[in-house]
Amino acid sequence: MNTPRDLPPRRRTPSLDVAIVGGGMVGAAAALSLARAGFRTALLEAREPAPWNQSDEVDLRVVGLAPSSMALLDEMDVWTSIRKSRSSAYSRMHVWDAESGSAIDFDAASDGRDMLGCIVENNLVQWMLWHALEAAGVQRLCPAEVRGFEAIDDRIEIERMDGQTLAASLLVAADGAGSPLRKLAGIGTRGRDYAQRAVVAHVATERPHESTAWQRFLTTGPLALLPLADGRSSLVWSLPDAEARRVLALDERAFIDQLGVASDYRLGRIVATTPRAAFPLKLQLAENYQADRMVLLGDAAHAVHPLAGQGVNLGLRDVAELRDTLVAARDAGRDIGAAHVLRRYARRRRSADTLDALGFDALARIYAWQSPSLVAARGLGVRLLDRIDPLKRRIAEHAAGI
Ligand SMILES: Cc1cc2nc3c(=O)[nH]c(=O)nc-3n(C[C@H](O)[C@H](O)[C@H](O)COP(=O)(O)OP(=O)(O)OC[C@H]3O[C@@H](n4cnc5c(N)ncnc54)[C@H](O)[C@@H]3O)c2cc1C
């Protein structure tokens, strides 16, 4: 931004506490949560979210929300409407290995809980949040994109593509894995391209899904069938790029047949499918979650393999941590955009997200092993783990965000 540094410092208090860029699930949740906590908040989004209608086909992009995410949405009074609109709670998870035959089961009841998580459509969550923003007093700016920003004294000045400017105490980048703001701030990323794509579709199966999330690990990548409210299952089939392209190009009959084989007919034959789509997969961690009067949130900070279904759950944990950090700073009379305040959020979330992301990456690597001795070791490890209830409970609690 071309605001020369040698101008006399402006002492006007910024009219906004927080400006958030990106109104996906994470950015919209951050805007609502911060506004509910009493911060003057604006949300800038490039594209108006597509309206969600009950009569529409189920969005191809669904996520498994962990209990911690449902609790956060509930605090913001949007969870009940999301759950009632269309959602599918799952109480069991069965994960099995195509090579070694080993399996591990998670059951909510054995931990005294009624569910492990809930499958919801991305655009339903985004739509409900988007609609709650106005009543909460969030200034919704859409379509709006950011050209540049500069931290000056007690404020960060943000310039939009259309030339308009706004100022806030803090800028939050929730603009997704490609985050233009992260790049403008000069924050690099580390990680790796999995050279895989997740092929997604909704499929009807011969047998019921039993409110269970099914995941089969093949050497080419994991294949998940997540239970939908209408009895179908949502497929997330991670495949090497070329294989994903081949699967996308199959005619419906061949796709159904090959998916039946790949899913081990666990839910019987696949009887029908929606059209398919595919998403590239990568591990990407921002080198820092913090810049001058700015923080990163959600996929802008971390993109992870979907095998553990945790991407947006991590993003919503970022939201809760940021809100708590800012509330504590405000209550102590501190500047919410000060570097030492933001450091608490950035350190805590970056270390938690990094541990999780590397854990998911390690799982992806371990399940890609093909040598017979390593496959046998993996099978042994999984069988052992399945019998150690306290350890399994710890894993389930961690996934639930407890
Ligand atoms: C196949 C697949 C399955 C998945 N399954 C799960 C799952 O089961 N559970 C789970 O927790 N996660 C899952 N995830 C991950 C989850 O979908 C993502 O973590 C989540 O959608 C990220 O949300 P976000 O709001 O951070 O980013 P995004 O959804 O990418 O939102 C970014 C927003 O920023 C806007 N934007 C971008 N640039 C600008 C700009 N310059 N100015 C203004 N606005 C801008 C975009 O329009 C968009 O609305 C899955 C991902 C994939 C690919």
# chains A, B, ... in the order shown; residues from 1 in each chain; ligands from 1
call {"tool": "select_by_dssp", "arguments": {"residues": "region 81-201 of chain A", "states": "strand (DSSP E)", "output": "VMD selection string"}}
result
chain A and resid 88 to 90 92 to 97 103 to 107 117 to 121 139 to 141 146 to 152 155 to 160 165 to 173 189 to 201
call {"tool": "residues_around", "arguments": {"residues": "region 326-338 of chain A", "least_positions_apart": "5", "cutoff": "7 Å", "atoms": "only C-alpha atoms", "output": "list in words"}}
result
Ser169, Leu170 and Arg293 of chain A
call {"tool": "residues_around", "arguments": {"residues": "region 235-248 of chain A", "least_positions_apart": "3", "cutoff": "8 Å", "atoms": "only C-alpha atoms", "output": "ChimeraX atom specification"}}
result
/A:194-203,220-226,255,276-278
call {"tool": "write_last_selection", "arguments": {"atoms": "N, CA and C atoms", "output": "mmCIF file, in the first residue's frame"}}
result
data_model
loop_
_atom_site.group_PDB
_atom_site.id
_atom_site.type_symbol
_atom_site.label_atom_id
_atom_site.label_comp_id
_atom_site.auth_asym_id
_atom_site.auth_seq_id
_atom_site.Cartn_x
_atom_site.Cartn_y
_atom_site.Cartn_z
ATOM 1 N N TYR A 194 0.583 -33.611 -2.124
ATOM 2 C CA TYR A 194 0.402 -35.063 -2.081
ATOM 3 C C TYR A 194 0.328 -35.679 -3.484
ATOM 4 N N ALA A 195 0.241 -34.797 -4.520
ATOM 5 C CA ALA A 195 0.042 -35.275 -5.895
ATOM 6 C C ALA A 195 -1.159 -36.217 -5.932
ATOM 7 N N GLN A 196 -2.150 -35.871 -5.096
ATOM 8 C CA GLN A 196 -3.384 -36.654 -5.001
ATOM 9 C C GLN A 196 -4.566 -35.717 -5.153
ATOM 10 N N ARG A 197 -5.676 -36.285 -5.559
ATOM 11 C CA ARG A 197 -6.933 -35.555 -5.571
ATOM 12 C C ARG A 197 -7.973 -36.353 -4.807
ATOM 13 N N ALA A 198 -8.874 -35.655 -4.144
ATOM 14 C CA ALA A 198 -9.991 -36.347 -3.492
ATOM 15 C C ALA A 198 -11.167 -36.292 -4.451
ATOM 16 N N VAL A 199 -11.585 -37.477 -4.923
ATOM 17 C CA VAL A 199 -12.769 -37.562 -5.790
ATOM 18 C C VAL A 199 -13.981 -37.650 -4.860
ATOM 19 N N VAL A 200 -14.940 -36.741 -5.055
ATOM 20 C CA VAL A 200 -16.118 -36.748 -4.183
ATOM 21 C C VAL A 200 -17.388 -36.966 -4.996
ATOM 22 N N ALA A 201 -18.356 -37.606 -4.364
ATOM 23 C CA ALA A 201 -19.684 -37.850 -4.965
ATOM 24 C C ALA A 201 -20.572 -38.327 -3.829
ATOM 25 N N HIS A 202 -21.874 -38.317 -4.046
ATOM 26 C CA HIS A 202 -22.775 -38.950 -3.071
ATOM 27 C C HIS A 202 -23.294 -40.224 -3.722
ATOM 28 N N VAL A 203 -23.258 -41.308 -2.967
ATOM 29 C CA VAL A 203 -23.641 -42.590 -3.564
ATOM 30 C C VAL A 203 -24.717 -43.286 -2.727
ATOM 31 N N THR A 220 -3.136 -46.625 -2.615
ATOM 32 C CA THR A 220 -3.263 -45.417 -3.435
ATOM 33 C C THR A 220 -3.796 -44.238 -2.632
ATOM 34 N N GLY A 221 -4.325 -44.492 -1.426
ATOM 35 C CA GLY A 221 -4.896 -43.421 -0.597
ATOM 36 C C GLY A 221 -6.172 -43.907 0.077
ATOM 37 N N PRO A 222 -6.681 -43.133 1.045
ATOM 38 C CA PRO A 222 -7.885 -43.562 1.763
ATOM 39 C C PRO A 222 -9.179 -43.333 0.977
ATOM 40 N N LEU A 223 -10.147 -44.192 1.240
ATOM 41 C CA LEU A 223 -11.480 -44.052 0.639
ATOM 42 C C LEU A 223 -12.479 -43.994 1.798
ATOM 43 N N ALA A 224 -13.194 -42.874 1.894
ATOM 44 C CA ALA A 224 -14.149 -42.731 3.001
ATOM 45 C C ALA A 224 -15.567 -42.677 2.478
ATOM 46 N N LEU A 225 -16.471 -43.319 3.218
ATOM 47 C CA LEU A 225 -17.909 -43.218 2.949
ATOM 48 C C LEU A 225 -18.547 -42.662 4.214
ATOM 49 N N LEU A 226 -19.035 -41.423 4.111
ATOM 50 C CA LEU A 226 -19.562 -40.725 5.285
ATOM 51 C C LEU A 226 -21.081 -40.712 5.213
ATOM 52 N N PHE A 255 -17.736 -46.457 -13.060
ATOM 53 C CA PHE A 255 -17.391 -45.815 -11.782
ATOM 54 C C PHE A 255 -18.010 -46.598 -10.614
ATOM 55 N N ARG A 276 -19.476 -36.416 -10.243
ATOM 56 C CA ARG A 276 -18.294 -36.381 -9.362
ATOM 57 C C ARG A 276 -17.564 -35.041 -9.463
ATOM 58 N N ALA A 277 -16.762 -34.735 -8.452
ATOM 59 C CA ALA A 277 -15.858 -33.571 -8.507
ATOM 60 C C ALA A 277 -14.565 -34.006 -7.837
ATOM 61 N N ALA A 278 -13.511 -33.215 -7.973
ATOM 62 C CA ALA A 278 -12.240 -33.599 -7.329
ATOM 63 C C ALA A 278 -11.529 -32.360 -6.803
#
call {"tool": "select_by_dssp", "arguments": {"residues": "region 164-317 of chain A", "states": "helix (DSSP H, G or I)", "output": "ChimeraX atom specification"}}
result
/A:180-184,241-249,252-262,298-300,306-308,311-317
call {"tool": "closest_residue", "arguments": {"among": "A:Val261, A:Leu281, A:Ala151, A:Leu218", "to": "ligand 1", "atoms": "only C-alpha atoms and all ligand atoms"}}
result
A:Leu281
call {"tool": "atom_distance", "arguments": {"atom1": "CA of Gly298 (chain A)", "atom2": "CA of Ala177 (chain A)"}}
result
8.2 Å
call {"tool": "closest_residue", "arguments": {"among": "A:Gly101, A:Gly178, A:Pro280, A:Gly309", "to": "ligand 1", "atoms": "only C-alpha atoms and all ligand atoms"}}
result
A:Gly309
call {"tool": "closest_residue", "arguments": {"among": "A:Asn313, A:Thr41, A:Ser102, A:Thr205", "to": "Ser263 (chain A)", "atoms": "only C-alpha atoms"}}
result
A:Thr205
call {"tool": "closest_residue", "arguments": {"among": "A:Glu252, A:Asp77, A:Asp324, A:Asp318", "to": "ligand 1", "atoms": "only C-alpha atoms and all ligand atoms"}}
result
A:Asp318
call {"tool": "closest_residue", "arguments": {"among": "A:Arg323, A:Arg232, A:Lys183, A:Arg36", "to": "Ala135 (chain A)", "atoms": "only C-alpha atoms"}}
result
A:Arg36
call {"tool": "closest_residue", "arguments": {"among": "A:Leu385, A:Ile187, A:Leu124, A:Ile256", "to": "ligand 1", "atoms": "only C-alpha atoms and all ligand atoms"}}
result
A:Leu124
